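Novice: Have a look at this one.
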Amino acid sequence: MQRYRRAVAVLIGVAAFVVTLVGAGAQTPETPRIAFQIATGPVGGSYFPVGEALARIISYPPGFGRCEDDPNACGPVGLIASARSTDGPVANITAVRSGRVDSALVQADIATLAYRGAGPFRAAGAFKDLRVLAKLQTETVHLVVSARARVRRITDLKHKRVAIDDPSSTTNLTARSILTAARVNPRRVKLSYQGPAQAAADLKAGKIDAFFIIGASPVRLVDDLVKSGTAKLLPIDGRSLAAWLKKQEFLSPVDLPAGTYHGTKPVRTVSVSALWVATSQLPDKVAYSLARALWNPANRREFDNLGPVGASIHRDGALVSSIVPLHPGAAKFYQDAGRLQN
């Protein structure tokens, strides 16, 4: 925490200078270099490339041509951002809270649990300093079932072998919540804890009957299984689930259009948003400039290059209904841009 306070002190110490940075983008030879870390997720997941794109967008090394041409397309002068590979959103919350990183990408449901001090964050207590900078990509919960398994609805998973990812992962937490909401007691399911790649291999080998995976559609791993006839997508729906979803701030029903995956009909499932978060200690002017750079049209190509993940990242959907407060600096940007929602 001491290290983070020192980093924040540096930012606050140049706050007067940041007024100039956020405005005209001018710089002097004395411009300090400010390290800014973004906790993401595993290298093979969707969070890491998004974090890399964010780092490229907001970095403003002194004398950097792209930023000199359009200062509003970058963060504060001297900011050097980097994406850090992590175990995922649960670990990211801990890293932000301890000050080991300056910001992080997390699922909205995990951010809500952290803010409340619930679930995996019960022992640490409520994280009331957590703040949202932006809503990023929308991700879909996929329930992939072996084509050989006699499973037609989610309640048929009782006594089946189902992989729900590592115990500390967000997929694990979300899968357990969905099973419980569907009135499928997780204790009556033969749960295992493989990651997506291993789960796909085990499903092919007949070692498991189904697995959960969360990602922006279409997920290549899922498409390969469906295309080969090895697996099918199971709808995540039903009365009890629909009633549960109405009470959630962070999950919502969504229909995957026909053809999202090879030869599939429309499939009802659940979506969850990814958030870019920091703490209230991040200076308002810095948060403002980060949000402004994030949504500068000149940076749109960074997201377009990410494929399906980047396609769902857009400023019109930049805010999310959540009990986690929007950072005041980011809120000021959205207000100025005419995108602040009541």
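We label chains A, B, ... in the order they appear in the structure tokens, count residues from 1 in each chain, and number ligands from 1 in the order shown.
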Quick one: pick out all helix (DSSP H, G or I) residues within range 15-172 of chain A from a backbone DSSP run and write them as a JSON list (two decimals) with N, CA and C atoms, in the first residue's frame.

Specialist:
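Contents of the output file states-v5.json:
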[["chain", "number", "residue", "atom", "x", "y", "z"],
["A", 15, "ALA", "N", -0.28, 17.47, -10.03],
["A", 15, "ALA", "CA", -1.67, 17.77, -10.38],
["A", 15, "ALA", "C", -1.80, 19.11, -11.10],
["A", 16, "ALA", "N", -1.04, 20.12, -10.62],
["A", 16, "ALA", "CA", -1.11, 21.43, -11.27],
["A", 16, "ALA", "C", -0.62, 21.33, -12.70],
["A", 17, "PHE", "N", 0.42, 20.49, -12.89],
["A", 17, "PHE", "CA", 0.95, 20.31, -14.23],
["A", 17, "PHE", "C", -0.01, 19.53, -15.10],
["A", 18, "VAL", "N", -0.77, 18.60, -14.47],
["A", 18, "VAL", "CA", -1.71, 17.78, -15.23],
["A", 18, "VAL", "C", -2.81, 18.62, -15.84],
["A", 19, "VAL", "N", -3.13, 19.76, -15.19],
["A", 19, "VAL", "CA", -4.12, 20.66, -15.79],
["A", 19, "VAL", "C", -3.70, 21.01, -17.20],
["A", 20, "THR", "N", -2.41, 21.29, -17.36],
["A", 20, "THR", "CA", -1.88, 21.60, -18.69],
["A", 20, "THR", "C", -1.90, 20.37, -19.57],
["A", 21, "LEU", "N", -1.55, 19.21, -18.96],
["A", 21, "LEU", "CA", -1.49, 17.98, -19.75],
["A", 21, "LEU", "C", -2.86, 17.64, -20.31],
["A", 22, "VAL", "N", -3.86, 17.74, -19.45],
["A", 22, "VAL", "CA", -5.20, 17.38, -19.87],
["A", 22, "VAL", "C", -5.74, 18.37, -20.86],
["A", 23, "GLY", "N", -5.23, 19.60, -20.82],
["A", 23, "GLY", "CA", -5.70, 20.61, -21.76],
["A", 23, "GLY", "C", -4.93, 20.57, -23.04],
["A", 47, "TYR", "N", -9.04, -10.69, -21.64],
["A", 47, "TYR", "CA", -8.69, -9.49, -20.88],
["A", 47, "TYR", "C", -7.29, -8.98, -21.23],
["A", 48, "PHE", "N", -6.34, -9.89, -21.46],
["A", 48, "PHE", "CA", -4.96, -9.45, -21.69],
["A", 48, "PHE", "C", -4.84, -8.60, -22.96],
["A", 49, "PRO", "N", -5.36, -9.03, -24.11],
["A", 49, "PRO", "CA", -5.25, -8.17, -25.30],
["A", 49, "PRO", "C", -5.99, -6.85, -25.16],
["A", 50, "VAL", "N", -7.11, -6.85, -24.43],
["A", 50, "VAL", "CA", -7.81, -5.58, -24.19],
["A", 50, "VAL", "C", -6.94, -4.67, -23.34],
["A", 51, "GLY", "N", -6.30, -5.24, -22.32],
["A", 51, "GLY", "CA", -5.40, -4.44, -21.48],
["A", 51, "GLY", "C", -4.23, -3.89, -22.27],
["A", 52, "GLU", "N", -3.69, -4.70, -23.18],
["A", 52, "GLU", "CA", -2.60, -4.21, -24.03],
["A", 52, "GLU", "C", -3.06, -3.05, -24.90],
["A", 53, "ALA", "N", -4.26, -3.16, -25.44],
["A", 53, "ALA", "CA", -4.80, -2.07, -26.27],
["A", 53, "ALA", "C", -4.97, -0.80, -25.43],
["A", 54, "LEU", "N", -5.49, -0.95, -24.22],
["A", 54, "LEU", "CA", -5.65, 0.20, -23.34],
["A", 54, "LEU", "C", -4.30, 0.86, -23.05],
["A", 55, "ALA", "N", -3.29, 0.02, -22.79],
["A", 55, "ALA", "CA", -1.96, 0.56, -22.49],
["A", 55, "ALA", "C", -1.41, 1.36, -23.66],
["A", 56, "ARG", "N", -1.62, 0.85, -24.88],
["A", 56, "ARG", "CA", -1.14, 1.58, -26.06],
["A", 56, "ARG", "C", -1.89, 2.90, -26.22],
["A", 57, "ILE", "N", -3.18, 2.88, -25.92],
["A", 57, "ILE", "CA", -4.00, 4.08, -26.10],
["A", 57, "ILE", "C", -3.61, 5.18, -25.13],
["A", 58, "ILE", "N", -3.46, 4.86, -23.86],
["A", 58, "ILE", "CA", -3.30, 5.90, -22.85],
["A", 58, "ILE", "C", -1.85, 6.32, -22.62],
["A", 65, "GLY", "N", 5.01, 11.04, -31.10],
["A", 65, "GLY", "CA", 4.39, 11.73, -32.24],
["A", 65, "GLY", "C", 2.88, 11.66, -32.27],
["A", 66, "ARG", "N", 2.30, 10.48, -32.07],
["A", 66, "ARG", "CA", 0.85, 10.34, -32.16],
["A", 66, "ARG", "C", 0.15, 11.25, -31.14],
["A", 67, "CYS", "N", 0.71, 11.31, -29.95],
["A", 67, "CYS", "CA", 0.12, 12.14, -28.90],
["A", 67, "CYS", "C", 0.38, 13.62, -29.13],
["A", 68, "GLU", "N", 1.53, 13.94, -29.72],
["A", 68, "GLU", "CA", 1.82, 15.34, -30.03],
["A", 68, "GLU", "C", 0.83, 15.88, -31.06],
["A", 69, "ASP", "N", 0.44, 15.03, -32.01],
["A", 69, "ASP", "CA", -0.50, 15.45, -33.04],
["A", 69, "ASP", "C", -1.90, 15.66, -32.48],
["A", 71, "PRO", "N", -3.19, 15.51, -28.54],
["A", 71, "PRO", "CA", -3.01, 15.22, -27.11],
["A", 71, "PRO", "C", -4.22, 14.55, -26.48],
["A", 72, "ASN", "N", -5.42, 14.79, -27.02],
["A", 72, "ASN", "CA", -6.62, 14.19, -26.46],
["A", 72, "ASN", "C", -6.72, 12.69, -26.74],
["A", 73, "ALA", "N", -5.84, 12.19, -27.60],
["A", 73, "ALA", "CA", -5.87, 10.77, -27.94],
["A", 73, "ALA", "C", -5.04, 9.93, -26.98],
["A", 89, "PRO", "N", -9.98, -11.65, -12.70],
["A", 89, "PRO", "CA", -10.62, -10.55, -11.96],
["A", 89, "PRO", "C", -10.56, -10.63, -10.44],
["A", 90, "VAL", "N", -10.67, -11.82, -9.85],
["A", 90, "VAL", "CA", -10.61, -11.90, -8.39],
["A", 90, "VAL", "C", -9.25, -11.44, -7.90],
["A", 91, "ALA", "N", -8.20, -11.95, -8.55],
["A", 91, "ALA", "CA", -6.84, -11.52, -8.20],
["A", 91, "ALA", "C", -6.64, -10.04, -8.50],
["A", 92, "ASN", "N", -7.28, -9.55, -9.56],
["A", 92, "ASN", "CA", -7.13, -8.14, -9.94],
["A", 92, "ASN", "C", -7.67, -7.20, -8.87],
["A", 93, "ILE", "N", -8.81, -7.57, -8.29],
["A", 93, "ILE", "CA", -9.39, -6.75, -7.22],
["A", 93, "ILE", "C", -8.41, -6.65, -6.05],
["A", 94, "THR", "N", -7.83, -7.77, -5.69],
["A", 94, "THR", "CA", -6.87, -7.79, -4.58],
["A", 94, "THR", "C", -5.67, -6.91, -4.90],
["A", 95, "ALA", "N", -5.20, -6.97, -6.16],
["A", 95, "ALA", "CA", -4.03, -6.18, -6.57],
["A", 95, "ALA", "C", -4.33, -4.68, -6.55],
["A", 96, "VAL", "N", -5.51, -4.28, -6.99],
["A", 96, "VAL", "CA", -5.89, -2.87, -6.95],
["A", 96, "VAL", "C", -6.04, -2.40, -5.52],
["A", 97, "ARG", "N", -6.66, -3.23, -4.72],
["A", 97, "ARG", "CA", -6.90, -2.86, -3.32],
["A", 97, "ARG", "C", -5.59, -2.68, -2.55],
["A", 98, "SER", "N", -4.60, -3.52, -2.82],
["A", 98, "SER", "CA", -3.33, -3.46, -2.11],
["A", 98, "SER", "C", -2.39, -2.40, -2.68],
["A", 108, "ALA", "N", -18.25, -7.26, -14.04],
["A", 108, "ALA", "CA", -19.09, -6.38, -13.24],
["A", 108, "ALA", "C", -19.63, -7.09, -12.00],
["A", 109, "ASP", "N", -19.92, -8.38, -12.10],
["A", 109, "ASP", "CA", -20.43, -9.08, -10.93],
["A", 109, "ASP", "C", -19.36, -9.21, -9.85],
["A", 110, "ILE", "N", -18.10, -9.41, -10.28],
["A", 110, "ILE", "CA", -17.00, -9.51, -9.32],
["A", 110, "ILE", "C", -16.75, -8.16, -8.66],
["A", 111, "ALA", "N", -16.81, -7.08, -9.44],
["A", 111, "ALA", "CA", -16.65, -5.74, -8.87],
["A", 111, "ALA", "C", -17.72, -5.46, -7.82],
["A", 112, "THR", "N", -18.95, -5.89, -8.10],
["A", 112, "THR", "CA", -20.05, -5.69, -7.16],
["A", 112, "THR", "C", -19.82, -6.45, -5.87],
["A", 113, "LEU", "N", -19.38, -7.71, -5.98],
["A", 113, "LEU", "CA", -19.09, -8.50, -4.79],
["A", 113, "LEU", "C", -17.97, -7.86, -3.97],
["A", 114, "ALA", "N", -16.95, -7.35, -4.66],
["A", 114, "ALA", "CA", -15.83, -6.71, -3.95],
["A", 114, "ALA", "C", -16.31, -5.45, -3.23],
["A", 115, "TYR", "N", -17.11, -4.64, -3.90],
["A", 115, "TYR", "CA", -17.59, -3.40, -3.29],
["A", 115, "TYR", "C", -18.42, -3.69, -2.04],
["A", 116, "ARG", "N", -19.17, -4.78, -2.10],
["A", 116, "ARG", "CA", -20.02, -5.15, -0.96],
["A", 116, "ARG", "C", -19.27, -5.95, 0.11],
["A", 119, "GLY", "N", -18.99, -12.80, -1.08],
["A", 119, "GLY", "CA", -18.35, -13.88, -1.84],
["A", 119, "GLY", "C", -16.89, -14.06, -1.45],
["A", 120, "PRO", "N", -15.99, -14.09, -2.45],
["A", 120, "PRO", "CA", -14.57, -14.31, -2.15],
["A", 120, "PRO", "C", -13.90, -13.14, -1.42],
["A", 121, "PHE", "N", -14.64, -12.03, -1.26],
["A", 121, "PHE", "CA", -14.07, -10.84, -0.62],
["A", 121, "PHE", "C", -14.64, -10.62, 0.79],
["A", 154, "ILE", "N", -30.72, -27.17, -18.65],
["A", 154, "ILE", "CA", -29.73, -27.01, -17.60],
["A", 154, "ILE", "C", -30.00, -27.92, -16.39],
["A", 155, "THR", "N", -31.26, -28.24, -16.14],
["A", 155, "THR", "CA", -31.57, -29.12, -15.01],
["A", 155, "THR", "C", -31.09, -30.55, -15.24],
["A", 156, "ASP", "N", -30.79, -30.90, -16.49],
["A", 156, "ASP", "CA", -30.29, -32.24, -16.80],
["A", 156, "ASP", "C", -28.83, -32.41, -16.39],
["A", 157, "LEU", "N", -28.21, -31.36, -15.90],
["A", 157, "LEU", "CA", -26.80, -31.45, -15.51],
["A", 157, "LEU", "C", -26.61, -32.15, -14.17],
["A", 170, "THR", "N", -13.49, -16.29, -12.07],
["A", 170, "THR", "CA", -14.83, -15.71, -12.16],
["A", 170, "THR", "C", -15.80, -16.68, -12.83],
["A", 171, "THR", "N", -15.30, -17.48, -13.76],
["A", 171, "THR", "CA", -16.17, -18.48, -14.39],
["A", 171, "THR", "C", -16.73, -19.42, -13.35],
["A", 172, "ASN", "N", -15.88, -19.84, -12.42],
["A", 172, "ASN", "CA", -16.31, -20.74, -11.35],
["A", 172, "ASN", "C", -17.42, -20.11, -10.52]]

Novice: Counting only C-alpha atoms, what is within 12 Å of Ala134 in chain A, bar same-chain residues fewer than 2 positions away, as a PDB file with C-alpha atoms, in the first residue's frame?

Specialist:
ATOM      1  CA  LEU A  54      -5.651   0.202 -23.340  1.00  0.00           C
ATOM      2  CA  SER A 103      -6.170  -0.189 -12.382  1.00  0.00           C
ATOM      3  CA  ALA A 104      -7.674  -3.485 -13.525  1.00  0.00           C
ATOM      4  CA  LEU A 105     -10.170  -5.231 -15.771  1.00  0.00           C
ATOM      5  CA  VAL A 106     -12.855  -7.137 -13.875  1.00  0.00           C
ATOM      6  CA  GLN A 107     -16.281  -8.607 -14.486  1.00  0.00           C
ATOM      7  CA  ALA A 108     -19.094  -6.381 -13.239  1.00  0.00           C
ATOM      8  CA  ARG A 131     -14.416   3.117  -8.738  1.00  0.00           C
ATOM      9  CA  VAL A 132     -15.399   2.455 -12.362  1.00  0.00           C
ATOM     10  CA  LEU A 136     -15.618  -2.294 -21.831  1.00  0.00           C
ATOM     11  CA  GLN A 137     -16.518  -5.507 -23.624  1.00  0.00           C
ATOM     12  CA  SER A 273     -19.904  -6.701 -18.706  1.00  0.00           C
ATOM     13  CA  ALA A 274     -16.183  -6.197 -18.200  1.00  0.00           C
ATOM     14  CA  LEU A 275     -15.250  -3.034 -16.314  1.00  0.00           C
ATOM     15  CA  TRP A 276     -12.092  -0.954 -16.154  1.00  0.00           C
ATOM     16  CA  VAL A 277     -11.694  -0.032 -12.485  1.00  0.00           C
ATOM     17  CA  ALA A 278      -9.349   1.950 -10.255  1.00  0.00           C
ATOM     18  CA  ALA A 287      -9.173   9.708 -14.641  1.00  0.00           C
ATOM     19  CA  TYR A 288     -10.723  12.303 -16.960  1.00  0.00           C
ATOM     20  CA  LEU A 290      -7.835   8.301 -19.358  1.00  0.00           C
ATOM     21  CA  ALA A 291     -11.540   8.170 -20.247  1.00  0.00           C
ATOM     22  CA  ARG A 292     -11.087  10.840 -22.906  1.00  0.00           C
ATOM     23  CA  ALA A 293      -8.233   8.942 -24.548  1.00  0.00           C
ATOM     24  CA  LEU A 294     -10.114   5.646 -24.305  1.00  0.00           C
ATOM     25  CA  TRP A 295     -13.033   6.947 -26.346  1.00  0.00           C
ATOM     26  CA  ILE A 313     -16.483  -2.031 -26.872  1.00  0.00           C
ATOM     27  CA  HIS A 314     -18.073   1.312 -27.739  1.00  0.00           C
ATOM     28  CA  ARG A 315     -18.677   4.619 -25.994  1.00  0.00           C
ATOM     29  CA  ASP A 316     -22.467   4.519 -26.233  1.00  0.00           C
ATOM     30  CA  GLY A 317     -22.354   1.548 -23.870  1.00  0.00           C
ATOM     31  CA  ALA A 318     -19.523   2.894 -21.758  1.00  0.00           C
ATOM     32  CA  LEU A 319     -21.540   3.108 -18.554  1.00  0.00           C
ATOM     33  CA  VAL A 320     -23.100   0.275 -16.638  1.00  0.00           C
ATOM     34  CA  SER A 321     -25.752   0.139 -13.941  1.00  0.00           C
ATOM     35  CA  SER A 322     -23.823  -0.918 -10.880  1.00  0.00           C
ATOM     36  CA  VAL A 324     -19.890   0.512  -7.740  1.00  0.00           C
ATOM     37  CA  PRO A 325     -19.632   4.306  -8.203  1.00  0.00           C
ATOM     38  CA  LEU A 326     -18.279   5.870 -11.354  1.00  0.00           C
ATOM     39  CA  HIS A 327     -14.985   7.663 -10.758  1.00  0.00           C
ATOM     40  CA  PRO A 328     -15.725  11.420 -10.519  1.00  0.00           C
ATOM     41  CA  GLY A 329     -13.068  12.235 -13.105  1.00  0.00           C
ATOM     42  CA  ALA A 330     -14.496   9.723 -15.566  1.00  0.00           C
ATOM     43  CA  ALA A 331     -18.030  10.922 -14.772  1.00  0.00           C
ATOM     44  CA  PHE A 333     -15.746  13.261 -19.049  1.00  0.00           C
ATOM     45  CA  TYR A 334     -18.982  11.385 -19.791  1.00  0.00           C
ATOM     46  CA  ARG A 339     -22.971  10.275 -22.322  1.00  0.00           C
ATOM     47  CA  LEU A 340     -23.701  10.416 -18.593  1.00  0.00           C
TER      48      LEU A 340
END

Novice: Compare A:Pro297, A:Pro235, A:Gly307, A:Gly229 by their minimum atom-to-atom distance to Leu256 in chain A, counting only C-alpha atoms, and give me the closest one.

Specialist: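 Nearest to Leu256 in chain A: A:Pro235.
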
Novice: With a distance cut-off of 9 Å and only C-alpha atoms, select the neighbouring residues of range 243-246 of chain A, excluding the residue or stretch itself and same-chain residues fewer than 4 positions from it, and output the selection as number ranges by chain.

Specialist: A: 178, 181-182, 238-239, 250-253, 270

Novice: Those selected residues, please, written with N, CA and C atoms and delivered as a short mmCIF file (atom, residue, chain, number, x, y, z; two decimals), in the first residue's frame.

Specialist:
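The result, written out as part.cif:
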data_model
loop_
_atom_site.label_atom_id
_atom_site.label_comp_id
_atom_site.auth_asym_id
_atom_site.auth_seq_id
_atom_site.Cartn_x
_atom_site.Cartn_y
_atom_site.Cartn_z
N ILE A 178 -25.23 -19.56 -11.40
CA ILE A 178 -26.22 -19.94 -12.41
C ILE A 178 -26.85 -21.29 -12.08
N ALA A 181 -29.21 -20.80 -9.19
CA ALA A 181 -30.42 -20.09 -9.61
C ALA A 181 -31.34 -20.98 -10.43
N ALA A 182 -30.76 -21.93 -11.16
CA ALA A 182 -31.56 -22.86 -11.97
C ALA A 182 -32.06 -24.04 -11.14
N GLY A 238 -34.97 -20.59 -18.30
CA GLY A 238 -35.92 -21.23 -17.39
C GLY A 238 -36.52 -20.19 -16.46
N ARG A 239 -37.67 -20.51 -15.86
CA ARG A 239 -38.39 -19.54 -15.02
C ARG A 239 -37.57 -19.09 -13.82
N PHE A 250 -25.72 -7.02 -12.57
CA PHE A 250 -24.53 -7.24 -13.39
C PHE A 250 -24.68 -8.32 -14.45
N LEU A 251 -25.74 -9.09 -14.39
CA LEU A 251 -25.98 -10.13 -15.38
C LEU A 251 -27.32 -9.85 -16.07
N SER A 252 -27.41 -10.19 -17.35
CA SER A 252 -28.67 -9.98 -18.06
C SER A 252 -28.85 -11.06 -19.12
N PRO A 253 -30.11 -11.41 -19.43
CA PRO A 253 -30.35 -12.41 -20.47
C PRO A 253 -29.99 -11.86 -21.84
N VAL A 270 -26.67 -15.81 -20.97
CA VAL A 270 -26.48 -14.71 -20.03
C VAL A 270 -25.25 -13.91 -20.43
#

Novice: Contacts of Ile80 in chain A at 10 Å or less, counting only C-alpha atoms, minus same-chain residues fewer than 2 places along, as a list in words?

Specialist: Arg33, Ile34, Ala35, Phe36, Gln37, Ala55, Arg56, Ile58, Ser59, Tyr60, Pro61, Pro62, Gly75, Pro76, Val77, Gly78 and Ser82 of chain A

Novice: Restricting it to N, CA and C atoms, dump the selection as a compact mmCIF listing (two decimals), in the first residue's frame.

Specialist:
# COMPACT_ATOMS: atom_id res chain seq x y z
N ARG A 33 8.15 10.65 -15.86
CA ARG A 33 7.55 9.44 -16.42
C ARG A 33 6.75 8.77 -15.31
N ILE A 34 5.48 8.54 -15.57
CA ILE A 34 4.56 8.00 -14.57
C ILE A 34 4.16 6.59 -14.98
N ALA A 35 4.59 5.59 -14.20
CA ALA A 35 4.23 4.20 -14.49
C ALA A 35 2.77 3.97 -14.11
N PHE A 36 2.04 3.25 -14.96
CA PHE A 36 0.62 2.99 -14.72
C PHE A 36 0.33 1.56 -15.17
N GLN A 37 0.01 0.69 -14.22
CA GLN A 37 -0.20 -0.71 -14.54
C GLN A 37 -1.68 -1.07 -14.62
N ALA A 55 -3.29 0.02 -22.79
CA ALA A 55 -1.96 0.56 -22.49
C ALA A 55 -1.41 1.36 -23.66
N ARG A 56 -1.62 0.85 -24.88
CA ARG A 56 -1.14 1.58 -26.06
C ARG A 56 -1.89 2.90 -26.22
N ILE A 58 -3.46 4.86 -23.86
CA ILE A 58 -3.30 5.90 -22.85
C ILE A 58 -1.85 6.32 -22.62
N SER A 59 -0.88 5.54 -23.10
CA SER A 59 0.53 5.91 -22.88
C SER A 59 0.88 7.17 -23.65
N TYR A 60 1.67 8.03 -22.99
CA TYR A 60 2.10 9.28 -23.62
C TYR A 60 3.55 9.55 -23.24
N PRO A 61 4.48 8.81 -23.84
CA PRO A 61 5.89 9.10 -23.59
C PRO A 61 6.22 10.49 -24.11
N PRO A 62 7.03 11.26 -23.39
CA PRO A 62 7.39 12.60 -23.85
C PRO A 62 7.92 12.57 -25.29
N GLY A 75 -3.25 9.65 -22.68
CA GLY A 75 -3.40 10.04 -21.29
C GLY A 75 -2.49 11.20 -20.97
N PRO A 76 -2.23 11.45 -19.69
CA PRO A 76 -1.35 12.56 -19.30
C PRO A 76 0.06 12.38 -19.86
N VAL A 77 0.70 13.49 -20.18
CA VAL A 77 2.08 13.44 -20.67
C VAL A 77 2.96 12.75 -19.63
N GLY A 78 3.78 11.82 -20.09
CA GLY A 78 4.68 11.10 -19.21
C GLY A 78 4.12 9.79 -18.72
N SER A 82 1.25 -0.19 -18.82
CA SER A 82 1.60 -1.57 -19.18
C SER A 82 0.50 -2.50 -18.72

Novice: May I ask for the distance between CA of Leu191 in chain A and CA of Glu139 in chain A, given in Å to one decimal place?

Specialist: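 Separation between CA of Leu191 in chain A and CA of Glu139 in chain A: 22.8 Å.
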
Novice: May I ask for the distance between CA of Val162 in chain A and CA of Asp202 in chain A, given in Å to one decimal place?

Specialist: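 Calculated distance between CA of Val162 in chain A and CA of Asp202 in chain A is 10.4 Å.
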
Novice: Would you pick out the contacts of Thr230 in chain A at 12 Å or less, using only C-alpha atoms, so that residues sharing its chain but fewer than 4 positions from it are not included, and give the list as a list in words?

Specialist: Val144, Val145, Ser146, Ala147, Arg148, Ala149, Ala200, Ala201, Asp202, Leu203, Lys204, Ala205, Gly206, Asp209, Ala210, Leu221, Val222, Asp223, Asp224, Leu225, Val226 and His262 of chain A

Novice: Selected residues, C-alpha atoms, written as an mmCIF file, in the first residue's frame, please.

Specialist:
data_model
loop_
_atom_site.group_PDB
_atom_site.id
_atom_site.type_symbol
_atom_site.label_atom_id
_atom_site.label_comp_id
_atom_site.auth_asym_id
_atom_site.auth_seq_id
_atom_site.Cartn_x
_atom_site.Cartn_y
_atom_site.Cartn_z
ATOM 1 C CA VAL A 144 -20.908 -26.221 -23.801
ATOM 2 C CA VAL A 145 -22.291 -29.757 -23.708
ATOM 3 C CA SER A 146 -21.012 -32.934 -25.325
ATOM 4 C CA ALA A 147 -23.090 -33.991 -28.322
ATOM 5 C CA ARG A 148 -23.100 -37.489 -26.810
ATOM 6 C CA ALA A 149 -24.544 -36.395 -23.471
ATOM 7 C CA ALA A 200 -12.388 -28.789 -24.310
ATOM 8 C CA ALA A 201 -9.828 -31.592 -24.604
ATOM 9 C CA ASP A 202 -11.528 -33.581 -21.835
ATOM 10 C CA LEU A 203 -14.938 -33.132 -23.448
ATOM 11 C CA LYS A 204 -13.546 -34.470 -26.723
ATOM 12 C CA ALA A 205 -12.082 -37.450 -24.876
ATOM 13 C CA GLY A 206 -15.373 -38.183 -23.122
ATOM 14 C CA ASP A 209 -20.076 -33.966 -20.167
ATOM 15 C CA ALA A 210 -20.066 -30.168 -20.177
ATOM 16 C CA LEU A 221 -12.579 -22.780 -28.956
ATOM 17 C CA VAL A 222 -16.364 -23.176 -28.726
ATOM 18 C CA ASP A 223 -16.834 -22.748 -32.464
ATOM 19 C CA ASP A 224 -14.292 -25.467 -33.193
ATOM 20 C CA LEU A 225 -16.146 -27.920 -30.947
ATOM 21 C CA VAL A 226 -19.551 -27.089 -32.427
ATOM 22 C CA HIS A 262 -21.592 -23.098 -36.932
#

Novice: In range 70-189 of chain A, what's strand (DSSP E) per DSSP? Answer as a PyMOL selection string?

Specialist: chain A and resi 79-84+103-107+130-146+161-163
